[in-house]
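Beneath this line is the structure, given in structure tokens, with notes to follow.
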Amino acid sequence: MPRLTRPFLALSAPLLNGLGIGAGLLLCTGVIAPLWGLSAAIAASSGYGAVGVADTVTTPAGKPAAMLPAVVGALLVAALVALTHGHAVAEAATVLLVTFSALLWTAWGKRGMPQSFVMILSLIFQMAAFREVPMDRAAALTHLAWVGVGAVGMGLWAQLTALVLAARYRTLALADSLHNLSELIRTQARWTHDRAEPDASTTSQQDLLSLIRQQAALADVFQSARDLLYDRATEARNPRRRREIDALIHVVNLRDVVLACQLDIDQLPTAPSTRAALLRLAHFLTWHADRVAAMARSVRLDAPMPLMAPAPRVLAPEDSRALQSLARRAAHLHDHCNALSAALQGQAPGPHPEAALLASLVSPATWSLAVLRRQLHLRAPTLRYALRATLAMACAVWLSRHLPWHSHPHWLLLTVAVVMRGSLEQTLARRDARVVGTLAGCALASALLWLPLGMPARFVLLALSMALAHAYVVRDYRVTTTAAAVMALLQAKMFATGAHPVWLDAAERLADTLIGAALAWGFSYVLPSWERGQLPLLIQRLQQALNRYAHHVLHWQEGTALAPERTHARREVYDAIWLLAQALQRTVREPAYAGSRTPHLEALLIRSHRLISQLAVVRIVLMHRQPDLHGPTATQAIAHTDRALHAWLAVAPDAAPPAPPRPAPGALDPQDDAVLVSHALPEPQGDPTPWLLRRLAQIEAEAAAWADAARGVARAR
């Protein structure tokens, strides 16, 4: 590989995307400034920078749906600012209208957030432009025209870079999925190692919750990869594209196998042989984590797959039947890793046989109004968020006109808009990051502007700041805030050269940040949307997802006719658990009187995790050992478990618990199987039917415990 390409291959997708935006800004200003002057270039850069927020890592097909609303929104906001400039009441009304309208975009979740910030940033940029440079009507129209040039140019540049970088984005999505999977396996190995310690006879709930959160977070990582790799999968005839699609399918399936490796570990009897076996299993998992991490590096750097030493041994002759069961699941993990390695080196021609199904797993790119309509009532979190943010902005507008300094009132508004988030936990995190990043950015900008920099150098710094701010907005908001402070101070000097000393602008920026962060924090308690208000719908979604997924797992052996429904059901249950894990994390920062954080919520997450882990094992049995099952017995037991799960998972949490279903003839009693005893278990290499019956009994017990935890959350509210 040529040496010059290695730095490029080491870039992450967000950083690559951010650098592409920065390069486009340099190209835009580099063309406009020599031909039409600096003022035109500065105006175009403001339109470009606002619309650039919407240029995220997406497919070329999904780019128009993201960029067109951004261009239109930025131009409408710029026109409103131009019309109301110089009229205090009208200008304040514009700020509040734009804020409220912008935050309604958050109804579409992660997809809508960039659109929201496009409007906010356009408002701030244009307020700065019209305040720093007096304009008559003709100058204002000229300024708006150049803003439009920059906005449209950004939309076109985003489409072009998406086409150029599409293949690289797909490769990086697969590499990120592999990396996150390797981290999950490594965490599972540490958890297994900790269970082998003498003082770890019982599982620590907090350790388990941490592991569950990491497993749940994979849902978001995998969905991002699906959106990039499965888009237009029916047209993917390139062997490299087919190889990446095949590999991602194996990566997603490996998650289930890792879940299966966790089962029963905390129930093993205390014995020296148990500790030795768990240490071997932990070493085995670590070896596979290293192997998957090496695959991730090879994919990222486009390098050959590394050679690995033979996998360490897991099973010992003296191991009990319970430990032999763990060894079989470890063997399945090894087989799936081998299949993943083979897929990464495959050369299969043509699109994937299930390309149509894979394409259906891609997130929608359209803006359905039904999503917004569901949020237009006073109890909806999006509407409450928009209302309290608008009230905070109204306070900031009033305050900005009564502060001793008033040269950059838009800075105070910007801080309020970007610090206040939909939840208190996110607002507090943004508050801290904003203050730290602004302090660092002001110091850095003061040092840079102290140097005798010409206008071309300032445009380069502006482009680099924009690239870094865009690249790190999700990964580390402190970096984004640092870059934004540098960008703001550079723009202040470009709009009004010599108006203020650099240190005075930096001091004002820091003061506005502190005041704005305090305002956003304080208004977070106005019209709050605590998690307890959202839990019923979230639990209902999780309940329905578990019910559908369990039904499809228990009917896995019924051919391939239900394959699309099975795949969608599995994705939905992992997405729902991810949302529940996020809700649990947010409750930690809520005040006690909110009443959102209850032990039942943690129990519900743990029970959900254990239930899908048990279902993962049943799926593995039905996939790999169906011919060895005793047909009539297995069919009868599966049908009974299906009915039992429907009884437990189809009842609303606030309703009376259903009567437990009568056990099937010959079924195991899960209460008698709570502790693993080696002589009570069947031979792992023999008839798998007793193992299936045991798992089905445990699934019924977990479903009953899940329903009880859900009722506990409902009672706590």
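Letters A, B, ... go to the chains of the structure tokens in the order shown; residues in each chain start at 1; ligands are counted from 1 in the same order.
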Task: Neighbour list for Glu565 in chain A as number ranges by chain, cut-off 12 Å, only C-alpha atoms, skip fewer than 5 positions in-chain - done: A: 357-358, 360-361, 545, 548-553, 555-556, 560, 570-572
I need the chosen residues saved as an mmCIF file, in the first residue's frame, with C-alpha atoms.
data_model
loop_
_atom_site.group_PDB
_atom_site.id
_atom_site.type_symbol
_atom_site.label_atom_id
_atom_site.label_comp_id
_atom_site.auth_asym_id
_atom_site.auth_seq_id
_atom_site.Cartn_x
_atom_site.Cartn_y
_atom_site.Cartn_z
ATOM 1 C CA LEU A 357 -34.960 -8.285 2.512
ATOM 2 C CA LEU A 358 -31.721 -6.512 3.413
ATOM 3 C CA SER A 360 -36.018 -3.353 3.741
ATOM 4 C CA LEU A 361 -33.889 -3.039 6.890
ATOM 5 C CA ALA A 545 -41.130 -6.515 20.174
ATOM 6 C CA ARG A 548 -43.017 -10.984 18.121
ATOM 7 C CA TYR A 549 -39.364 -11.962 18.344
ATOM 8 C CA ALA A 550 -40.065 -14.867 20.683
ATOM 9 C CA HIS A 551 -42.799 -16.133 18.376
ATOM 10 C CA HIS A 552 -40.475 -16.036 15.375
ATOM 11 C CA VAL A 553 -37.625 -17.740 17.262
ATOM 12 C CA HIS A 555 -41.020 -21.052 14.793
ATOM 13 C CA TRP A 556 -37.510 -20.763 13.347
ATOM 14 C CA THR A 560 -37.817 -19.544 5.141
ATOM 15 C CA ARG A 570 -34.966 -9.242 15.875
ATOM 16 C CA ARG A 571 -33.914 -5.711 14.922
ATOM 17 C CA GLU A 572 -36.942 -4.221 16.661
#
Any idea what's packed within 8 Å of range 406-419 of chain A, counting only C-alpha atoms, ignoring anything in its chain fewer than 2 positions away? Could you give it as an mmCIF file with N, CA and C atoms, in the first residue's frame?
data_model
loop_
_atom_site.group_PDB
_atom_site.id
_atom_site.type_symbol
_atom_site.label_atom_id
_atom_site.label_comp_id
_atom_site.auth_asym_id
_atom_site.auth_seq_id
_atom_site.Cartn_x
_atom_site.Cartn_y
_atom_site.Cartn_z
ATOM 1 N N THR A 99 -36.636 29.337 16.606
ATOM 2 C CA THR A 99 -36.284 28.354 17.629
ATOM 3 C C THR A 99 -37.353 27.285 17.759
ATOM 4 N N ILE A 120 -30.989 26.951 13.475
ATOM 5 C CA ILE A 120 -30.416 27.731 14.580
ATOM 6 C C ILE A 120 -29.129 28.414 14.138
ATOM 7 N N LEU A 121 -28.264 27.672 13.458
ATOM 8 C CA LEU A 121 -26.974 28.232 13.049
ATOM 9 C C LEU A 121 -27.158 29.310 11.975
ATOM 10 N N ILE A 124 -28.108 32.452 13.800
ATOM 11 C CA ILE A 124 -26.977 33.080 14.490
ATOM 12 C C ILE A 124 -26.037 33.742 13.494
ATOM 13 N N MET A 127 -27.709 36.916 12.031
ATOM 14 C CA MET A 127 -27.765 37.988 13.026
ATOM 15 C C MET A 127 -26.399 38.638 13.177
ATOM 16 N N ALA A 128 -25.350 37.813 13.167
ATOM 17 C CA ALA A 128 -23.991 38.358 13.269
ATOM 18 C C ALA A 128 -23.652 39.218 12.058
ATOM 19 N N ALA A 389 -37.505 25.518 25.359
ATOM 20 C CA ALA A 389 -36.357 26.143 24.694
ATOM 21 C C ALA A 389 -36.725 27.526 24.169
ATOM 22 N N ALA A 392 -36.698 29.851 27.081
ATOM 23 C CA ALA A 392 -35.313 30.162 27.450
ATOM 24 C C ALA A 392 -34.707 31.167 26.473
ATOM 25 N N MET A 393 -35.014 31.014 25.194
ATOM 26 C CA MET A 393 -34.496 31.961 24.201
ATOM 27 C C MET A 393 -35.113 33.346 24.394
ATOM 28 N N ALA A 396 -33.202 34.893 27.030
ATOM 29 C CA ALA A 396 -31.872 35.249 26.540
ATOM 30 C C ALA A 396 -31.923 36.502 25.671
ATOM 31 N N VAL A 397 -32.972 36.657 24.870
ATOM 32 C CA VAL A 397 -33.116 37.864 24.044
ATOM 33 C C VAL A 397 -33.221 39.100 24.929
ATOM 34 N N SER A 400 -29.834 39.729 26.693
ATOM 35 C CA SER A 400 -28.756 40.192 25.816
ATOM 36 C C SER A 400 -28.819 41.694 25.576
ATOM 37 N N ARG A 401 -30.004 42.281 25.748
ATOM 38 C CA ARG A 401 -30.155 43.718 25.540
ATOM 39 C C ARG A 401 -29.940 44.536 26.806
ATOM 40 N N HIS A 402 -29.703 43.869 27.910
ATOM 41 C CA HIS A 402 -29.496 44.581 29.161
ATOM 42 C C HIS A 402 -28.154 44.275 29.800
ATOM 43 N N LEU A 403 -27.341 43.467 29.135
ATOM 44 C CA LEU A 403 -26.002 43.190 29.647
ATOM 45 C C LEU A 403 -25.085 44.378 29.370
ATOM 46 N N PRO A 404 -24.027 44.523 30.162
ATOM 47 C CA PRO A 404 -23.091 45.634 29.913
ATOM 48 C C PRO A 404 -22.446 45.563 28.532
ATOM 49 N N ARG A 421 -31.048 20.462 25.809
ATOM 50 C CA ARG A 421 -31.405 19.275 25.049
ATOM 51 C C ARG A 421 -32.768 18.768 25.526
ATOM 52 N N THR A 427 -28.663 17.744 28.767
ATOM 53 C CA THR A 427 -28.401 19.167 28.989
ATOM 54 C C THR A 427 -27.211 19.364 29.916
ATOM 55 N N ARG A 430 -24.045 18.598 28.023
ATOM 56 C CA ARG A 430 -23.734 19.684 27.095
ATOM 57 C C ARG A 430 -23.239 20.923 27.847
ATOM 58 N N ARG A 431 -23.839 21.203 28.992
ATOM 59 C CA ARG A 431 -23.425 22.372 29.778
ATOM 60 C C ARG A 431 -21.953 22.282 30.148
ATOM 61 N N ARG A 434 -19.695 22.434 27.045
ATOM 62 C CA ARG A 434 -19.701 23.763 26.434
ATOM 63 C C ARG A 434 -18.771 24.717 27.179
ATOM 64 N N GLU A 508 -15.984 38.184 26.153
ATOM 65 C CA GLU A 508 -17.430 38.238 25.937
ATOM 66 C C GLU A 508 -17.980 36.866 25.561
ATOM 67 N N ARG A 509 -17.257 36.132 24.726
ATOM 68 C CA ARG A 509 -17.687 34.789 24.342
ATOM 69 C C ARG A 509 -17.793 33.886 25.563
ATOM 70 N N ASP A 512 -20.786 35.027 27.795
ATOM 71 C CA ASP A 512 -22.058 34.610 27.201
ATOM 72 C C ASP A 512 -22.277 33.108 27.334
ATOM 73 N N THR A 513 -21.199 32.352 27.233
ATOM 74 C CA THR A 513 -21.322 30.898 27.390
ATOM 75 C C THR A 513 -21.753 30.537 28.807
ATOM 76 N N ILE A 515 -23.359 32.404 31.002
ATOM 77 C CA ILE A 515 -24.738 32.839 31.249
ATOM 78 C C ILE A 515 -25.720 31.970 30.469
ATOM 79 N N GLY A 516 -25.404 31.690 29.208
ATOM 80 C CA GLY A 516 -26.296 30.869 28.401
ATOM 81 C C GLY A 516 -26.427 29.456 28.929
ATOM 82 N N ALA A 517 -25.313 28.877 29.397
ATOM 83 C CA ALA A 517 -25.369 27.530 29.965
ATOM 84 C C ALA A 517 -26.219 27.511 31.223
ATOM 85 N N LEU A 519 -28.721 29.581 31.885
ATOM 86 C CA LEU A 519 -30.116 29.720 31.455
ATOM 87 C C LEU A 519 -30.673 28.390 30.958
ATOM 88 N N ALA A 520 -29.927 27.707 30.117
ATOM 89 C CA ALA A 520 -30.392 26.423 29.588
ATOM 90 C C ALA A 520 -30.602 25.416 30.709
ATOM 91 N N TRP A 521 -29.696 25.397 31.666
ATOM 92 C CA TRP A 521 -29.819 24.497 32.814
ATOM 93 C C TRP A 521 -31.063 24.838 33.625
#
Task: Contacts of Gln544 in chain A within 9 Å, only C-alpha atoms, excl. fewer than 4 positions in-chain, as a PyMOL selection string - done: chain A and resi 539-540+548-549+573+649-650
Restrict the calculation to only C-alpha atoms, then for each residue of range 167-197 of chain A with any atom at most 9 Å from an atom of range 5-19 of chain A give the closest atom pair and their distance in Å to one decimal, rows by chain and rising residue number, as a Markdown table.
| residue | atom | partner | partner_atom | distance |
| --- | --- | --- | --- | --- |
| A:Arg168 | CA | A:Ala13 | CA | 8.1 |
| A:Tyr169 | CA | A:Ala13 | CA | 6.1 |
| A:Leu172 | CA | A:Ala13 | CA | 6.3 |
| A:Ala173 | CA | A:Ala13 | CA | 7.8 |
| A:Asp176 | CA | A:Ser12 | CA | 8.9 |
Please produce a file of the residues just selected, as an mmCIF file, in the first residue's frame, where the atoms kept are C-alpha atoms.
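Final file, again.cif:
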data_model
loop_
_atom_site.group_PDB
_atom_site.id
_atom_site.type_symbol
_atom_site.label_atom_id
_atom_site.label_comp_id
_atom_site.auth_asym_id
_atom_site.auth_seq_id
_atom_site.Cartn_x
_atom_site.Cartn_y
_atom_site.Cartn_z
ATOM 1 C CA ARG A 168 -15.191 4.264 1.868
ATOM 2 C CA TYR A 169 -18.142 4.975 4.162
ATOM 3 C CA LEU A 172 -15.669 2.135 7.618
ATOM 4 C CA ALA A 173 -19.181 1.159 8.726
ATOM 5 C CA ASP A 176 -16.721 0.087 13.118
#
- [ ] To one decimal in Å, tell me the separation between CA of Thr58 in chain A and CA of Pro351 in chain A.
- [x] 20.7 Å
- [ ] Counting only C-alpha atoms, figure out which residue out of A:Tyr593, A:Leu178, A:Ser325, A:Val371 gets nearest to Arg291 in chain A.
- [x]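 When distances to Arg291 in chain A are compared using only C-alpha atoms, the smallest one comes from A:Leu178.
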- [ ] List the neighbours of range 300-311 of chain A out to 6 Å using only C-alpha atoms; skip same-chain residues closer than 2 positions along the sequence, and give me the result as a VMD selection string.
- [x] chain A and resid 9 175 297 to 298
Save out the residues we just selected, C-alpha atoms, as an mmCIF file, in the first residue's frame.
data_model
loop_
_atom_site.group_PDB
_atom_site.id
_atom_site.type_symbol
_atom_site.label_atom_id
_atom_site.label_comp_id
_atom_site.auth_asym_id
_atom_site.auth_seq_id
_atom_site.Cartn_x
_atom_site.Cartn_y
_atom_site.Cartn_z
ATOM 1 C CA LEU A 9 -7.240 5.121 5.555
ATOM 2 C CA ALA A 175 -14.895 -1.797 10.346
ATOM 3 C CA ARG A 297 -8.036 -3.218 11.338
ATOM 4 C CA SER A 298 -7.624 -5.209 8.128
#
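The space between CA of Glu235 in chain A and CA of Ala355 in chain A spans 8.5 Å.
Residues in contact with Leu537 in chain A at 12 Å, where only C-alpha atoms are counted and same-chain residues fewer than 6 positions away are skipped, are listed as A:Ala380, A:Glu531, A:Gln543, A:Gln544, A:Ala576, A:Leu579, A:Leu580, A:Ala583, A:Ala652, A:Pro653, A:Ala710, A:Ala714.
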Saved selection, atoms kept: C-alpha atoms, as an mmCIF file, in the first residue's frame:
data_model
loop_
_atom_site.group_PDB
_atom_site.id
_atom_site.type_symbol
_atom_site.label_atom_id
_atom_site.label_comp_id
_atom_site.auth_asym_id
_atom_site.auth_seq_id
_atom_site.Cartn_x
_atom_site.Cartn_y
_atom_site.Cartn_z
ATOM 1 C CA ALA A 380 -45.370 15.006 24.022
ATOM 2 C CA GLU A 531 -38.646 9.713 31.775
ATOM 3 C CA GLN A 543 -43.216 -5.853 25.162
ATOM 4 C CA GLN A 544 -44.609 -6.098 21.651
ATOM 5 C CA ALA A 576 -36.297 -1.319 21.971
ATOM 6 C CA LEU A 579 -34.012 2.768 23.988
ATOM 7 C CA LEU A 580 -34.750 1.327 27.434
ATOM 8 C CA ALA A 583 -33.896 5.874 29.328
ATOM 9 C CA ALA A 652 -50.548 -4.470 29.663
ATOM 10 C CA PRO A 653 -48.143 -3.872 32.592
ATOM 11 C CA ALA A 710 -42.982 -4.308 34.086
ATOM 12 C CA ALA A 714 -46.178 0.693 36.328
#
TODO: Select, from A:Ser465, A:Gln585, A:Gln262, A:Gln267, the residue with the minimum atom-to-atom distance to Ile612 in chain A, counting only C-alpha atoms.
DONE: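 Distance minimum relative to Ile612 in chain A lands on A:Gln262.
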- [ ] Can you work out which one of A:Ala216, A:Val435, A:Val152, A:Met420 has the shortest atom-to-atom distance to Leu181 in chain A, counting only C-alpha atoms?
- [x]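 Looking only at the distances to Leu181 in chain A, the closest residue turns out to be A:Ala216.
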Task: Test item: residues at most 10 Å from range 20-30 of chain A, only C-alpha atoms, excluding those fewer than 5 positions along its chain, as a count of residues only - done: 41
Task: Proximity to Leu376 in chain A - best of A:Ala294, A:Leu211, A:Ala647, A:Leu104, only C-alpha atoms - done: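 Ranked by minimum distance to Leu376 in chain A, first place goes to A:Leu104.
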Task: Option closest in space to Glu91 in chain A, from A:Ile638, A:Pro353, A:Asp708, A:Gln126 [counting only C-alpha atoms] - done: A:Gln126
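The list of residues with at least one atom within 9 Å of His250 in chain A, based on only C-alpha atoms and without residues fewer than 6 positions apart in the same chain, reads His336, Cys337, Ala339, Leu340 and Ala343 of chain A.
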Output file for the residues above (N, CA and C atoms, as a CSV table (one decimal), in the first residue's frame):
chain,number,residue,atom,x,y,z
A,336,HIS,N,-18.8,-19.3,14.0
A,336,HIS,CA,-19.3,-18.1,13.4
A,336,HIS,C,-18.1,-17.1,13.1
A,337,CYS,N,-17.1,-17.1,13.9
A,337,CYS,CA,-15.9,-16.3,13.6
A,337,CYS,C,-15.2,-16.8,12.4
A,339,ALA,N,-16.7,-18.3,9.9
A,339,ALA,CA,-17.6,-17.9,8.8
A,339,ALA,C,-17.4,-16.5,8.5
A,340,LEU,N,-17.2,-15.6,9.5
A,340,LEU,CA,-17.0,-14.2,9.3
A,340,LEU,C,-15.7,-14.0,8.5
A,343,ALA,N,-16.1,-14.9,5.0
A,343,ALA,CA,-16.9,-13.9,4.3
A,343,ALA,C,-16.1,-12.7,3.9
Open item on the list: Which residue is closest to His630 in chain A? Choose from A:Thr689, A:Leu76, A:Trp105, A:Lys63 and count only C-alpha atoms.
Closed with: A:Thr689
TODO: May I ask for the distance between CA of Ala225 in chain A and CA of Thr59 in chain A, given in Å to one decimal place?
DONE: 10.8 Å
- [ ] Enumerate the residues of range 130-353 of chain A with a DSSP assignment of alpha helix (DSSP H), computed from the backbone, and present them as an MDAnalysis selection string.
- [x] chainID A and resid 130:132 137:195 205:229 239:262 272:301 321:344
